[in-house]
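Peer 1: Take this structure first; my questions come after.
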Amino acid sequence: MRLFIALNPPDELRARLGELADFAHARCGGRRMPDESLHLTLAFLGEVEEAQALELVEWVQGLAIAPGKWRLDGWGCFKRPGIVWVGSQAPDPALEALQSMLWHTLEAHGLAGRPTRFIPHVTLLRRAVSLDTRSFPEVDLSWPYRQLELIQSFTDGCGARYRTLAVSQG
Ligand code: 2AM
């Protein structure tokens, strides 16, 4: 099964991110991520065998992470898949430490896929027609977090859907 580890936004922030997705969609086209799918990926694991997935569920359920606040203050894009996102302009040391701790353990358990660069972002659009966000309004949002989630990604007739398999302590 296809798995990733992510932070899910609090409800109020999710709604606000949804408004930004509407705005970006009106300007850039493409496919708007549904509100319930908005998240911050900390580690994309890809295809994982069932037995290993069960181990990951246990590990995540026993994990306690340091609570933090992520400041989102900018728009960005990834050219190739046509992604428009919101995230932070400067590196976030707390998120970097969290991502690094996760990959340290994941790699110790034989999982590969640690990215060469971690760019925390919330994907709002995929396959956008325009990636020009230069005239977009300023963003200044705060994302308080204290738990992460192990999530399964699967597809149905409507595209990618997510199901939370485990939530960390807290
Ligand atoms: P994205 O938001 O930048 O598209 C579930 O698919 C999550 O894992 C998405 O947030 C997606 O990031 C990320 N993801 C999907 N495929 C990936 C890959 N091959 N490498 C890294 N991250 C990936």
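Starting from 1 in every chain, residues are counted up; chains themselves are A, B, ... following the order of the structure tokens, and ligands are numbered from 1 as listed.
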Could you please extract the residues within 9 Å of ligand 1, counting only C-alpha atoms and all ligand atoms, and hand them back as an MDAnalysis selection string?
Peer 2: chainID A and resid 2:6 37:46 78 81 83 85 113:115 119:126 151:154 160:162
Peer 1: Taking the backbone alone, and naming residues the way the document does, which bits of chain A are strand (DSSP E or B) by DSSP, as a compact mmCIF listing (two decimals) with all heavy atoms, in the first residue's frame?
Peer 2:
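The resulting file, selection09.txt, is shown below:
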# COMPACT_ATOMS: atom_id res chain seq x y z
N ARG A 2 0.30 2.33 -0.53
CA ARG A 2 1.08 3.56 -0.68
C ARG A 2 0.88 4.43 0.57
O ARG A 2 -0.26 4.78 0.90
CB ARG A 2 0.52 4.26 -1.91
CG ARG A 2 1.32 5.39 -2.47
CD ARG A 2 0.56 5.85 -3.72
NE ARG A 2 0.90 7.17 -4.13
CZ ARG A 2 1.80 7.46 -5.05
NH1 ARG A 2 2.44 6.49 -5.67
NH2 ARG A 2 2.05 8.70 -5.38
N LEU A 3 2.00 4.74 1.25
CA LEU A 3 1.88 5.43 2.53
C LEU A 3 2.71 6.71 2.58
O LEU A 3 3.72 6.83 1.90
CB LEU A 3 2.38 4.51 3.66
CG LEU A 3 1.67 3.16 3.85
CD1 LEU A 3 2.30 2.43 5.04
CD2 LEU A 3 0.18 3.35 4.08
N PHE A 4 2.27 7.62 3.42
CA PHE A 4 3.09 8.79 3.72
C PHE A 4 2.79 9.25 5.14
O PHE A 4 1.77 8.87 5.74
CB PHE A 4 2.90 9.91 2.69
CG PHE A 4 1.50 10.48 2.61
CD1 PHE A 4 1.21 11.71 3.19
CD2 PHE A 4 0.50 9.82 1.93
CE1 PHE A 4 -0.07 12.26 3.10
CE2 PHE A 4 -0.78 10.35 1.83
CZ PHE A 4 -1.07 11.57 2.42
N ILE A 5 3.70 10.06 5.69
CA ILE A 5 3.54 10.61 7.03
C ILE A 5 3.34 12.11 6.87
O ILE A 5 4.08 12.76 6.11
CB ILE A 5 4.76 10.30 7.90
CG1 ILE A 5 4.86 8.79 8.12
CG2 ILE A 5 4.69 11.02 9.24
CD1 ILE A 5 6.13 8.33 8.84
N ALA A 6 2.34 12.64 7.55
CA ALA A 6 1.97 14.04 7.30
C ALA A 6 1.39 14.70 8.54
O ALA A 6 1.03 14.03 9.51
CB ALA A 6 0.94 14.09 6.16
N LEU A 7 1.32 16.00 8.48
CA LEU A 7 0.55 16.78 9.46
C LEU A 7 -0.76 17.16 8.79
O LEU A 7 -0.77 17.55 7.61
CB LEU A 7 1.28 18.06 9.85
CG LEU A 7 2.65 17.91 10.52
CD1 LEU A 7 3.24 19.29 10.82
CD2 LEU A 7 2.55 17.11 11.82
N ARG A 31 -6.09 21.22 -11.18
CA ARG A 31 -6.99 20.46 -10.30
C ARG A 31 -6.80 20.94 -8.88
O ARG A 31 -5.70 20.87 -8.33
CB ARG A 31 -6.67 18.96 -10.41
CG ARG A 31 -7.73 18.07 -9.83
CD ARG A 31 -7.66 16.69 -10.46
NE ARG A 31 -6.36 16.07 -10.28
CZ ARG A 31 -5.93 15.50 -9.17
NH1 ARG A 31 -6.70 15.48 -8.08
NH2 ARG A 31 -4.74 14.96 -9.10
N ARG A 32 -7.89 21.43 -8.29
CA ARG A 32 -7.84 21.93 -6.91
C ARG A 32 -7.90 20.75 -5.96
O ARG A 32 -8.75 19.87 -6.09
CB ARG A 32 -9.02 22.87 -6.66
CG ARG A 32 -9.09 23.44 -5.26
CD ARG A 32 -10.54 23.74 -4.95
NE ARG A 32 -10.77 24.51 -3.76
CZ ARG A 32 -10.80 24.01 -2.51
NH1 ARG A 32 -10.58 22.72 -2.29
NH2 ARG A 32 -11.07 24.79 -1.49
N LEU A 40 0.44 18.56 5.06
CA LEU A 40 1.88 18.79 4.88
C LEU A 40 2.58 17.43 4.96
O LEU A 40 2.54 16.77 6.01
CB LEU A 40 2.41 19.70 6.00
CG LEU A 40 3.93 19.69 6.20
CD1 LEU A 40 4.68 20.17 4.97
CD2 LEU A 40 4.31 20.53 7.41
N THR A 41 3.17 17.01 3.86
CA THR A 41 3.89 15.73 3.86
C THR A 41 5.25 15.89 4.54
O THR A 41 6.03 16.76 4.19
CB THR A 41 4.13 15.24 2.41
OG1 THR A 41 2.87 15.05 1.77
CG2 THR A 41 4.87 13.92 2.40
N LEU A 42 5.50 15.03 5.53
CA LEU A 42 6.81 15.00 6.19
C LEU A 42 7.70 13.91 5.60
O LEU A 42 8.91 14.06 5.53
CB LEU A 42 6.63 14.74 7.69
CG LEU A 42 5.91 15.85 8.48
CD1 LEU A 42 5.53 15.36 9.87
CD2 LEU A 42 6.79 17.09 8.57
N ALA A 43 7.07 12.81 5.19
CA ALA A 43 7.85 11.71 4.61
C ALA A 43 6.95 10.90 3.68
O ALA A 43 5.92 10.38 4.13
CB ALA A 43 8.40 10.81 5.71
N PHE A 44 7.34 10.82 2.42
CA PHE A 44 6.59 10.00 1.47
C PHE A 44 7.27 8.64 1.40
O PHE A 44 8.46 8.56 1.06
CB PHE A 44 6.57 10.67 0.09
CG PHE A 44 5.88 9.83 -0.95
CD1 PHE A 44 4.51 9.67 -0.94
CD2 PHE A 44 6.62 9.18 -1.93
CE1 PHE A 44 3.87 8.88 -1.89
CE2 PHE A 44 6.00 8.39 -2.89
CZ PHE A 44 4.62 8.25 -2.86
N LEU A 45 6.54 7.58 1.74
CA LEU A 45 7.15 6.25 1.84
C LEU A 45 6.94 5.42 0.58
O LEU A 45 7.63 4.42 0.38
CB LEU A 45 6.57 5.50 3.05
CG LEU A 45 6.58 6.29 4.36
CD1 LEU A 45 5.96 5.49 5.49
CD2 LEU A 45 8.00 6.68 4.73
N GLY A 46 5.97 5.77 -0.22
CA GLY A 46 5.68 5.00 -1.42
C GLY A 46 5.04 3.66 -1.07
O GLY A 46 4.40 3.52 -0.02
N GLU A 47 5.25 2.67 -1.94
CA GLU A 47 4.62 1.35 -1.74
C GLU A 47 5.30 0.60 -0.60
O GLU A 47 6.53 0.46 -0.58
CB GLU A 47 4.73 0.51 -3.02
CG GLU A 47 3.74 0.89 -4.10
CD GLU A 47 2.29 0.73 -3.66
OE1 GLU A 47 1.97 -0.24 -2.93
OE2 GLU A 47 1.46 1.57 -4.07
N GLY A 68 4.64 22.14 17.88
CA GLY A 68 5.26 23.32 17.26
C GLY A 68 4.24 24.15 16.52
O GLY A 68 3.02 23.86 16.54
N LYS A 69 4.73 25.20 15.91
CA LYS A 69 3.90 26.09 15.09
C LYS A 69 4.64 26.36 13.81
O LYS A 69 5.78 26.84 13.85
CB LYS A 69 3.69 27.41 15.83
CG LYS A 69 2.28 27.59 16.31
CD LYS A 69 2.09 28.93 16.96
CE LYS A 69 0.95 28.81 17.98
NZ LYS A 69 0.87 29.92 18.87
N TRP A 70 4.00 26.03 12.71
CA TRP A 70 4.62 26.28 11.41
C TRP A 70 4.01 27.56 10.83
O TRP A 70 2.79 27.67 10.76
CB TRP A 70 4.38 25.10 10.47
CG TRP A 70 4.95 25.28 9.08
CD1 TRP A 70 6.10 25.92 8.76
CD2 TRP A 70 4.38 24.82 7.86
NE1 TRP A 70 6.30 25.88 7.40
CE2 TRP A 70 5.24 25.21 6.82
CE3 TRP A 70 3.21 24.10 7.53
CZ2 TRP A 70 5.00 24.92 5.49
CZ3 TRP A 70 2.96 23.80 6.20
CH2 TRP A 70 3.85 24.21 5.20
N ARG A 71 4.87 28.50 10.46
CA ARG A 71 4.37 29.74 9.86
C ARG A 71 4.40 29.61 8.33
O ARG A 71 5.46 29.34 7.75
CB ARG A 71 5.24 30.92 10.31
CG ARG A 71 4.76 32.21 9.70
CD ARG A 71 5.36 33.42 10.38
NE ARG A 71 4.88 34.62 9.69
CZ ARG A 71 5.67 35.55 9.18
NH1 ARG A 71 6.99 35.45 9.30
NH2 ARG A 71 5.14 36.58 8.57
N LEU A 72 3.24 29.81 7.74
CA LEU A 72 3.15 29.79 6.28
C LEU A 72 3.10 31.23 5.80
O LEU A 72 2.19 31.98 6.18
CB LEU A 72 1.89 29.05 5.81
CG LEU A 72 1.78 27.57 6.19
CD1 LEU A 72 1.03 27.41 7.49
CD2 LEU A 72 1.09 26.79 5.09
N GLY A 74 4.22 32.19 2.30
CA GLY A 74 4.55 32.40 0.89
C GLY A 74 3.91 31.39 -0.04
O GLY A 74 3.45 30.32 0.39
N TRP A 75 3.85 31.78 -1.30
CA TRP A 75 3.36 30.90 -2.36
C TRP A 75 4.56 30.29 -3.07
O TRP A 75 5.64 30.89 -3.10
CB TRP A 75 2.56 31.69 -3.40
CG TRP A 75 1.30 32.32 -2.89
CD1 TRP A 75 1.18 33.54 -2.29
CD2 TRP A 75 -0.01 31.77 -2.96
NE1 TRP A 75 -0.13 33.78 -1.97
CE2 TRP A 75 -0.90 32.71 -2.38
CE3 TRP A 75 -0.54 30.56 -3.44
CZ2 TRP A 75 -2.26 32.50 -2.28
CZ3 TRP A 75 -1.91 30.36 -3.35
CH2 TRP A 75 -2.75 31.30 -2.77
N GLY A 76 4.35 29.14 -3.68
CA GLY A 76 5.43 28.56 -4.46
C GLY A 76 4.87 27.59 -5.48
O GLY A 76 3.66 27.33 -5.53
N CYS A 77 5.76 27.07 -6.31
CA CYS A 77 5.30 26.09 -7.31
C CYS A 77 6.41 25.09 -7.60
O CYS A 77 7.59 25.36 -7.36
CB CYS A 77 4.88 26.80 -8.60
SG CYS A 77 6.23 27.65 -9.40
N PHE A 78 6.02 23.91 -8.06
CA PHE A 78 6.94 22.92 -8.59
C PHE A 78 6.57 22.77 -10.06
O PHE A 78 5.45 22.34 -10.38
CB PHE A 78 6.81 21.57 -7.87
CG PHE A 78 7.19 21.61 -6.41
CD1 PHE A 78 6.45 20.91 -5.47
CD2 PHE A 78 8.31 22.33 -5.98
CE1 PHE A 78 6.80 20.92 -4.12
CE2 PHE A 78 8.66 22.36 -4.64
CZ PHE A 78 7.92 21.65 -3.71
N ILE A 83 2.52 21.96 -9.75
CA ILE A 83 1.97 22.13 -8.40
C ILE A 83 2.07 23.58 -7.95
O ILE A 83 3.12 24.21 -8.10
CB ILE A 83 2.70 21.20 -7.41
CG1 ILE A 83 2.21 19.76 -7.62
CG2 ILE A 83 2.51 21.64 -5.97
CD1 ILE A 83 2.86 18.75 -6.72
N VAL A 84 0.97 24.10 -7.43
CA VAL A 84 0.98 25.41 -6.77
C VAL A 84 0.75 25.16 -5.28
O VAL A 84 -0.15 24.40 -4.91
CB VAL A 84 -0.11 26.34 -7.34
CG1 VAL A 84 -0.22 27.62 -6.52
CG2 VAL A 84 0.19 26.68 -8.80
N TRP A 85 1.60 25.76 -4.45
CA TRP A 85 1.51 25.48 -3.01
C TRP A 85 1.65 26.74 -2.17
O TRP A 85 2.06 27.79 -2.68
CB TRP A 85 2.54 24.44 -2.59
CG TRP A 85 3.99 24.64 -2.99
CD1 TRP A 85 4.62 24.03 -4.04
CD2 TRP A 85 5.00 25.45 -2.36
NE1 TRP A 85 5.95 24.40 -4.07
CE2 TRP A 85 6.22 25.27 -3.06
CE3 TRP A 85 5.01 26.30 -1.24
CZ2 TRP A 85 7.42 25.91 -2.70
CZ3 TRP A 85 6.20 26.95 -0.88
CH2 TRP A 85 7.38 26.75 -1.61
N VAL A 86 1.31 26.58 -0.89
CA VAL A 86 1.67 27.60 0.10
C VAL A 86 2.60 26.93 1.10
O VAL A 86 2.48 25.74 1.40
CB VAL A 86 0.45 28.23 0.83
CG1 VAL A 86 -0.28 29.19 -0.06
CG2 VAL A 86 -0.47 27.17 1.38
N GLY A 87 3.53 27.73 1.61
CA GLY A 87 4.51 27.20 2.56
C GLY A 87 5.27 28.34 3.16
O GLY A 87 4.76 29.46 3.24
N HIS A 121 5.52 22.15 2.30
CA HIS A 121 4.53 22.86 1.48
C HIS A 121 3.17 22.17 1.59
O HIS A 121 3.12 20.98 1.92
CB HIS A 121 4.96 22.91 0.01
CG HIS A 121 5.00 21.55 -0.63
ND1 HIS A 121 6.07 20.69 -0.48
CD2 HIS A 121 4.08 20.88 -1.39
CE1 HIS A 121 5.82 19.57 -1.13
NE2 HIS A 121 4.62 19.66 -1.68
N VAL A 122 2.12 22.92 1.30
CA VAL A 122 0.78 22.36 1.20
C VAL A 122 0.35 22.51 -0.25
O VAL A 122 0.18 23.64 -0.75
CB VAL A 122 -0.23 23.12 2.10
CG1 VAL A 122 -1.61 22.48 2.02
CG2 VAL A 122 0.26 23.16 3.54
N THR A 123 0.22 21.40 -0.94
CA THR A 123 -0.20 21.45 -2.34
C THR A 123 -1.66 21.87 -2.42
O THR A 123 -2.53 21.25 -1.80
CB THR A 123 0.00 20.06 -3.00
OG1 THR A 123 1.39 19.78 -3.04
CG2 THR A 123 -0.57 20.03 -4.41
N LEU A 124 -1.90 22.93 -3.21
CA LEU A 124 -3.28 23.41 -3.41
C LEU A 124 -3.81 23.00 -4.78
O LEU A 124 -5.01 22.71 -4.93
CB LEU A 124 -3.32 24.94 -3.30
CG LEU A 124 -2.83 25.54 -1.98
CD1 LEU A 124 -2.90 27.06 -2.05
CD2 LEU A 124 -3.63 25.03 -0.80
N LEU A 125 -2.93 23.03 -5.78
CA LEU A 125 -3.33 22.70 -7.16
C LEU A 125 -2.35 21.70 -7.75
O LEU A 125 -1.14 21.77 -7.48
CB LEU A 125 -3.29 23.94 -8.06
CG LEU A 125 -4.04 25.19 -7.66
CD1 LEU A 125 -3.77 26.28 -8.70
CD2 LEU A 125 -5.53 24.92 -7.54
N ARG A 126 -2.85 20.83 -8.58
CA ARG A 126 -2.01 19.97 -9.41
C ARG A 126 -2.32 20.27 -10.87
O ARG A 126 -3.43 20.65 -11.20
CB ARG A 126 -2.28 18.50 -9.13
CG ARG A 126 -1.90 18.08 -7.72
CD ARG A 126 -1.93 16.56 -7.57
NE ARG A 126 -1.89 16.19 -6.16
CZ ARG A 126 -0.79 16.18 -5.43
NH1 ARG A 126 0.37 16.50 -5.98
NH2 ARG A 126 -0.83 15.85 -4.15
N LEU A 141 -0.05 32.69 7.81
CA LEU A 141 -0.88 31.75 8.56
C LEU A 141 -0.01 30.99 9.56
O LEU A 141 1.17 30.75 9.31
CB LEU A 141 -1.52 30.74 7.61
CG LEU A 141 -2.47 31.30 6.55
CD1 LEU A 141 -2.83 30.21 5.55
CD2 LEU A 141 -3.73 31.84 7.21
N SER A 142 -0.65 30.60 10.65
CA SER A 142 0.07 29.84 11.66
C SER A 142 -0.58 28.45 11.79
O SER A 142 -1.80 28.34 11.87
CB SER A 142 -0.01 30.59 12.99
OG SER A 142 0.58 29.82 13.99
N TRP A 143 0.26 27.43 11.78
CA TRP A 143 -0.25 26.04 11.84
C TRP A 143 0.28 25.39 13.12
O TRP A 143 1.41 24.90 13.15
CB TRP A 143 0.22 25.30 10.60
CG TRP A 143 -0.17 23.86 10.49
CD1 TRP A 143 -0.41 22.97 11.49
CD2 TRP A 143 -0.35 23.13 9.27
NE1 TRP A 143 -0.73 21.75 10.97
CE2 TRP A 143 -0.70 21.82 9.61
CE3 TRP A 143 -0.24 23.48 7.92
CZ2 TRP A 143 -0.93 20.84 8.65
CZ3 TRP A 143 -0.47 22.50 6.97
CH2 TRP A 143 -0.82 21.19 7.33
N PRO A 144 -0.52 25.41 14.19
CA PRO A 144 -0.09 24.72 15.41
C PRO A 144 -0.27 23.20 15.23
O PRO A 144 -1.29 22.77 14.70
CB PRO A 144 -1.04 25.25 16.48
CG PRO A 144 -2.21 25.80 15.75
CD PRO A 144 -1.86 25.99 14.31
N TYR A 145 0.74 22.44 15.64
CA TYR A 145 0.63 20.97 15.49
C TYR A 145 1.20 20.28 16.72
O TYR A 145 2.06 20.84 17.42
CB TYR A 145 1.36 20.50 14.22
CG TYR A 145 2.84 20.83 14.21
CD1 TYR A 145 3.77 19.99 14.82
CD2 TYR A 145 3.32 22.00 13.62
CE1 TYR A 145 5.12 20.29 14.82
CE2 TYR A 145 4.66 22.32 13.63
CZ TYR A 145 5.56 21.46 14.23
OH TYR A 145 6.90 21.77 14.25
N GLU A 149 0.49 11.96 11.42
CA GLU A 149 -0.37 10.84 11.01
C GLU A 149 0.32 9.99 9.94
O GLU A 149 1.01 10.53 9.07
CB GLU A 149 -1.71 11.37 10.46
CG GLU A 149 -2.45 12.19 11.51
CD GLU A 149 -3.83 12.66 11.05
OE1 GLU A 149 -4.38 12.09 10.07
OE2 GLU A 149 -4.35 13.60 11.68
N LEU A 150 0.08 8.70 10.03
CA LEU A 150 0.47 7.78 8.96
C LEU A 150 -0.76 7.63 8.07
O LEU A 150 -1.84 7.26 8.56
CB LEU A 150 0.88 6.42 9.54
CG LEU A 150 1.22 5.34 8.52
CD1 LEU A 150 2.51 5.66 7.76
CD2 LEU A 150 1.36 3.98 9.22
N ILE A 151 -0.60 7.93 6.80
CA ILE A 151 -1.76 8.01 5.91
C ILE A 151 -1.57 7.11 4.71
O ILE A 151 -0.47 7.02 4.15
CB ILE A 151 -1.98 9.48 5.45
CG1 ILE A 151 -2.20 10.38 6.68
CG2 ILE A 151 -3.16 9.60 4.49
CD1 ILE A 151 -2.30 11.86 6.37
N GLN A 152 -2.65 6.44 4.33
CA GLN A 152 -2.64 5.63 3.11
C GLN A 152 -3.25 6.44 1.97
O GLN A 152 -4.29 7.10 2.15
CB GLN A 152 -3.46 4.35 3.33
CG GLN A 152 -3.50 3.47 2.09
CD GLN A 152 -4.39 2.24 2.27
OE1 GLN A 152 -5.07 2.10 3.29
NE2 GLN A 152 -4.39 1.39 1.28
N SER A 153 -2.59 6.39 0.84
CA SER A 153 -3.12 7.06 -0.35
C SER A 153 -3.63 5.98 -1.31
O SER A 153 -2.93 5.01 -1.58
CB SER A 153 -1.99 7.86 -1.01
OG SER A 153 -2.36 8.26 -2.30
N PHE A 154 -4.85 6.13 -1.76
CA PHE A 154 -5.39 5.17 -2.73
C PHE A 154 -6.21 5.95 -3.75
O PHE A 154 -6.52 7.13 -3.55
CB PHE A 154 -6.23 4.09 -2.04
CG PHE A 154 -7.40 4.62 -1.25
CD1 PHE A 154 -8.67 4.63 -1.80
CD2 PHE A 154 -7.22 5.14 0.02
CE1 PHE A 154 -9.75 5.14 -1.09
CE2 PHE A 154 -8.30 5.65 0.74
CZ PHE A 154 -9.56 5.65 0.19
N THR A 155 -6.52 5.29 -4.84
CA THR A 155 -7.30 6.01 -5.85
C THR A 155 -8.68 5.37 -6.00
O THR A 155 -8.83 4.16 -5.89
CB THR A 155 -6.60 5.99 -7.22
OG1 THR A 155 -6.13 4.68 -7.46
CG2 THR A 155 -5.45 6.96 -7.28
N ASP A 156 -9.66 6.23 -6.20
CA ASP A 156 -10.97 5.74 -6.61
C ASP A 156 -11.33 6.52 -7.87
O ASP A 156 -10.48 7.18 -8.45
CB ASP A 156 -12.01 5.88 -5.48
CG ASP A 156 -12.26 7.33 -5.12
OD1 ASP A 156 -11.79 8.22 -5.85
OD2 ASP A 156 -12.96 7.58 -4.12
N GLY A 159 -10.03 10.18 -8.15
CA GLY A 159 -8.63 10.57 -7.97
C GLY A 159 -8.09 10.08 -6.65
O GLY A 159 -8.64 9.14 -6.06
N ALA A 160 -6.99 10.71 -6.20
CA ALA A 160 -6.32 10.24 -4.97
C ALA A 160 -7.15 10.57 -3.75
O ALA A 160 -7.73 11.66 -3.63
CB ALA A 160 -4.95 10.89 -4.86
N ARG A 161 -7.24 9.57 -2.86
CA ARG A 161 -7.94 9.79 -1.58
C ARG A 161 -7.04 9.29 -0.46
O ARG A 161 -6.19 8.44 -0.69
CB ARG A 161 -9.25 9.02 -1.58
CG ARG A 161 -10.10 9.35 -2.82
CD ARG A 161 -11.49 9.66 -2.53
NE ARG A 161 -12.13 8.73 -1.62
CZ ARG A 161 -13.16 9.06 -0.87
NH1 ARG A 161 -13.64 10.29 -0.91
NH2 ARG A 161 -13.75 8.18 -0.09
N TYR A 162 -7.26 9.83 0.72
CA TYR A 162 -6.37 9.52 1.84
C TYR A 162 -7.15 8.92 3.00
O TYR A 162 -8.29 9.31 3.27
CB TYR A 162 -5.67 10.80 2.32
CG TYR A 162 -4.89 11.52 1.24
CD1 TYR A 162 -4.90 12.90 1.15
CD2 TYR A 162 -4.15 10.81 0.31
CE1 TYR A 162 -4.18 13.56 0.17
CE2 TYR A 162 -3.43 11.45 -0.68
CZ TYR A 162 -3.45 12.83 -0.75
OH TYR A 162 -2.74 13.48 -1.72
N ARG A 163 -6.48 7.98 3.70
CA ARG A 163 -7.10 7.37 4.89
C ARG A 163 -6.04 7.32 5.99
O ARG A 163 -4.95 6.77 5.77
CB ARG A 163 -7.58 5.96 4.55
CG ARG A 163 -8.07 5.18 5.76
CD ARG A 163 -8.84 3.94 5.40
NE ARG A 163 -8.22 3.17 4.34
CZ ARG A 163 -8.87 2.60 3.32
NH1 ARG A 163 -10.16 2.73 3.20
NH2 ARG A 163 -8.22 1.90 2.43
N THR A 164 -6.35 7.89 7.15
CA THR A 164 -5.40 7.88 8.26
C THR A 164 -5.37 6.49 8.91
O THR A 164 -6.42 5.95 9.28
CB THR A 164 -5.79 8.94 9.31
OG1 THR A 164 -5.66 10.23 8.70
CG2 THR A 164 -4.88 8.88 10.53
N LEU A 165 -4.16 5.92 9.01
CA LEU A 165 -4.01 4.58 9.60
C LEU A 165 -3.54 4.65 11.06
O LEU A 165 -3.80 3.75 11.84
CB LEU A 165 -2.99 3.76 8.81
CG LEU A 165 -3.27 3.52 7.33
CD1 LEU A 165 -2.19 2.62 6.74
CD2 LEU A 165 -4.65 2.89 7.13
N ALA A 166 -2.82 5.71 11.40
CA ALA A 166 -2.31 5.84 12.77
C ALA A 166 -2.03 7.30 13.08
O ALA A 166 -1.67 8.07 12.19
CB ALA A 166 -1.03 5.03 12.93
N VAL A 167 -2.23 7.65 14.35
CA VAL A 167 -1.96 9.02 14.82
C VAL A 167 -0.97 8.92 15.98
O VAL A 167 -1.09 8.02 16.82
CB VAL A 167 -3.27 9.70 15.31
CG1 VAL A 167 -3.02 11.13 15.73
CG2 VAL A 167 -4.35 9.65 14.22
Peer 1: Applying 9 Å and only C-alpha atoms, which residues near Leu63 of chain A remain after dropping the ones on its own chain fewer than 4 positions away? List them as a list in words.
Peer 2: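 Close residues of Leu63 of chain A: Glu58, Trp59, Gln147, Leu148, Val167, Ser168, Gln169 and Gly170 of chain A.
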Peer 1: Hey, can you spit out that residue selection with all heavy atoms as an mmCIF file, in the first residue's frame?
Peer 2:
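What ended up in part-v3.cif:
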data_model
loop_
_atom_site.group_PDB
_atom_site.id
_atom_site.type_symbol
_atom_site.label_atom_id
_atom_site.label_comp_id
_atom_site.auth_asym_id
_atom_site.auth_seq_id
_atom_site.Cartn_x
_atom_site.Cartn_y
_atom_site.Cartn_z
ATOM 1 N N GLU A 58 2.302 0.726 14.430
ATOM 2 C CA GLU A 58 2.678 0.626 15.851
ATOM 3 C C GLU A 58 3.678 1.708 16.232
ATOM 4 O O GLU A 58 3.587 2.315 17.297
ATOM 5 C CB GLU A 58 3.264 -0.750 16.144
ATOM 6 C CG GLU A 58 2.174 -1.780 16.304
ATOM 7 C CD GLU A 58 2.692 -3.066 16.915
ATOM 8 O OE1 GLU A 58 3.798 -3.074 17.495
ATOM 9 O OE2 GLU A 58 1.968 -4.065 16.796
ATOM 10 N N TRP A 59 4.628 1.930 15.360
ATOM 11 C CA TRP A 59 5.668 2.939 15.636
ATOM 12 C C TRP A 59 5.026 4.328 15.763
ATOM 13 O O TRP A 59 5.277 5.061 16.725
ATOM 14 C CB TRP A 59 6.706 2.914 14.511
ATOM 15 C CG TRP A 59 7.690 4.033 14.576
ATOM 16 C CD1 TRP A 59 8.504 4.347 15.634
ATOM 17 C CD2 TRP A 59 7.952 4.997 13.559
ATOM 18 N NE1 TRP A 59 9.273 5.455 15.310
ATOM 19 C CE2 TRP A 59 8.960 5.867 14.050
ATOM 20 C CE3 TRP A 59 7.470 5.199 12.264
ATOM 21 C CZ2 TRP A 59 9.459 6.938 13.300
ATOM 22 C CZ3 TRP A 59 7.980 6.251 11.518
ATOM 23 C CH2 TRP A 59 8.955 7.112 12.039
ATOM 24 N N GLN A 147 0.592 16.439 16.671
ATOM 25 C CA GLN A 147 0.511 15.031 16.302
ATOM 26 C C GLN A 147 0.763 14.887 14.801
ATOM 27 O O GLN A 147 0.355 15.755 14.019
ATOM 28 C CB GLN A 147 -0.906 14.496 16.563
ATOM 29 C CG GLN A 147 -1.233 14.311 18.024
ATOM 30 C CD GLN A 147 -2.696 13.955 18.217
ATOM 31 O OE1 GLN A 147 -3.576 14.654 17.720
ATOM 32 N NE2 GLN A 147 -2.952 12.890 18.929
ATOM 33 N N LEU A 148 1.363 13.772 14.426
ATOM 34 C CA LEU A 148 1.471 13.475 13.003
ATOM 35 C C LEU A 148 0.672 12.221 12.695
ATOM 36 O O LEU A 148 0.213 11.522 13.606
ATOM 37 C CB LEU A 148 2.936 13.352 12.578
ATOM 38 C CG LEU A 148 3.870 12.410 13.337
ATOM 39 C CD1 LEU A 148 3.581 10.959 13.046
ATOM 40 C CD2 LEU A 148 5.312 12.747 12.973
ATOM 41 N N VAL A 167 -2.233 7.653 14.352
ATOM 42 C CA VAL A 167 -1.963 9.019 14.822
ATOM 43 C C VAL A 167 -0.975 8.918 15.975
ATOM 44 O O VAL A 167 -1.088 8.016 16.818
ATOM 45 C CB VAL A 167 -3.271 9.696 15.312
ATOM 46 C CG1 VAL A 167 -3.022 11.130 15.726
ATOM 47 C CG2 VAL A 167 -4.345 9.646 14.218
ATOM 48 N N SER A 168 -0.016 9.832 16.021
ATOM 49 C CA SER A 168 0.990 9.786 17.095
ATOM 50 C C SER A 168 0.367 10.212 18.418
ATOM 51 O O SER A 168 -0.770 10.700 18.465
ATOM 52 C CB SER A 168 2.183 10.674 16.726
ATOM 53 O OG SER A 168 1.803 12.023 16.729
ATOM 54 N N GLN A 169 1.135 10.060 19.504
ATOM 55 C CA GLN A 169 0.664 10.415 20.852
ATOM 56 C C GLN A 169 0.335 11.907 20.946
ATOM 57 O O GLN A 169 0.829 12.687 20.166
ATOM 58 C CB GLN A 169 1.768 10.131 21.861
ATOM 59 C CG GLN A 169 2.277 8.720 21.865
ATOM 60 C CD GLN A 169 1.546 7.848 22.855
ATOM 61 O OE1 GLN A 169 1.485 8.221 24.028
ATOM 62 N NE2 GLN A 169 0.992 6.768 22.404
ATOM 63 N N GLY A 170 -0.415 12.245 21.979
ATOM 64 C CA GLY A 170 -0.620 13.672 22.222
ATOM 65 C C GLY A 170 -2.048 14.027 22.195
ATOM 66 O O GLY A 170 -2.447 15.154 22.092
#
Peer 1: Going by DSSP on the backbone, which residues of segment 43-147 of chain A come out as helix (DSSP H, G or I)? List them as a PyMOL selection string.
Peer 2: chain A and resi 50-62+93-108
Peer 1: When you look at Arg16 of chain A with a cut-off of 10 Å (counting only C-alpha atoms), what residues show up, excluding the ones that are within fewer than 5 positions of it in the same chain? I need them as a list in words.
Peer 2: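 Counting only the stated atoms, we get Asp11, Ala21, Asp22, Asp35 and Leu141 of chain A.
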Peer 1: At what distance in Å, to one decimal, does atom CA of His25 of chain A lie from atom CA of Ala128 of chain A?
Peer 2: 7.9 Å
Peer 1: From the options A:Arg146, A:Arg127, A:Phe136, A:Gly62, which residue's atoms come nearest to Leu95 of chain A, counting only C-alpha atoms?
Peer 2: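 Closest to Leu95 of chain A of all the choices is A:Arg146.
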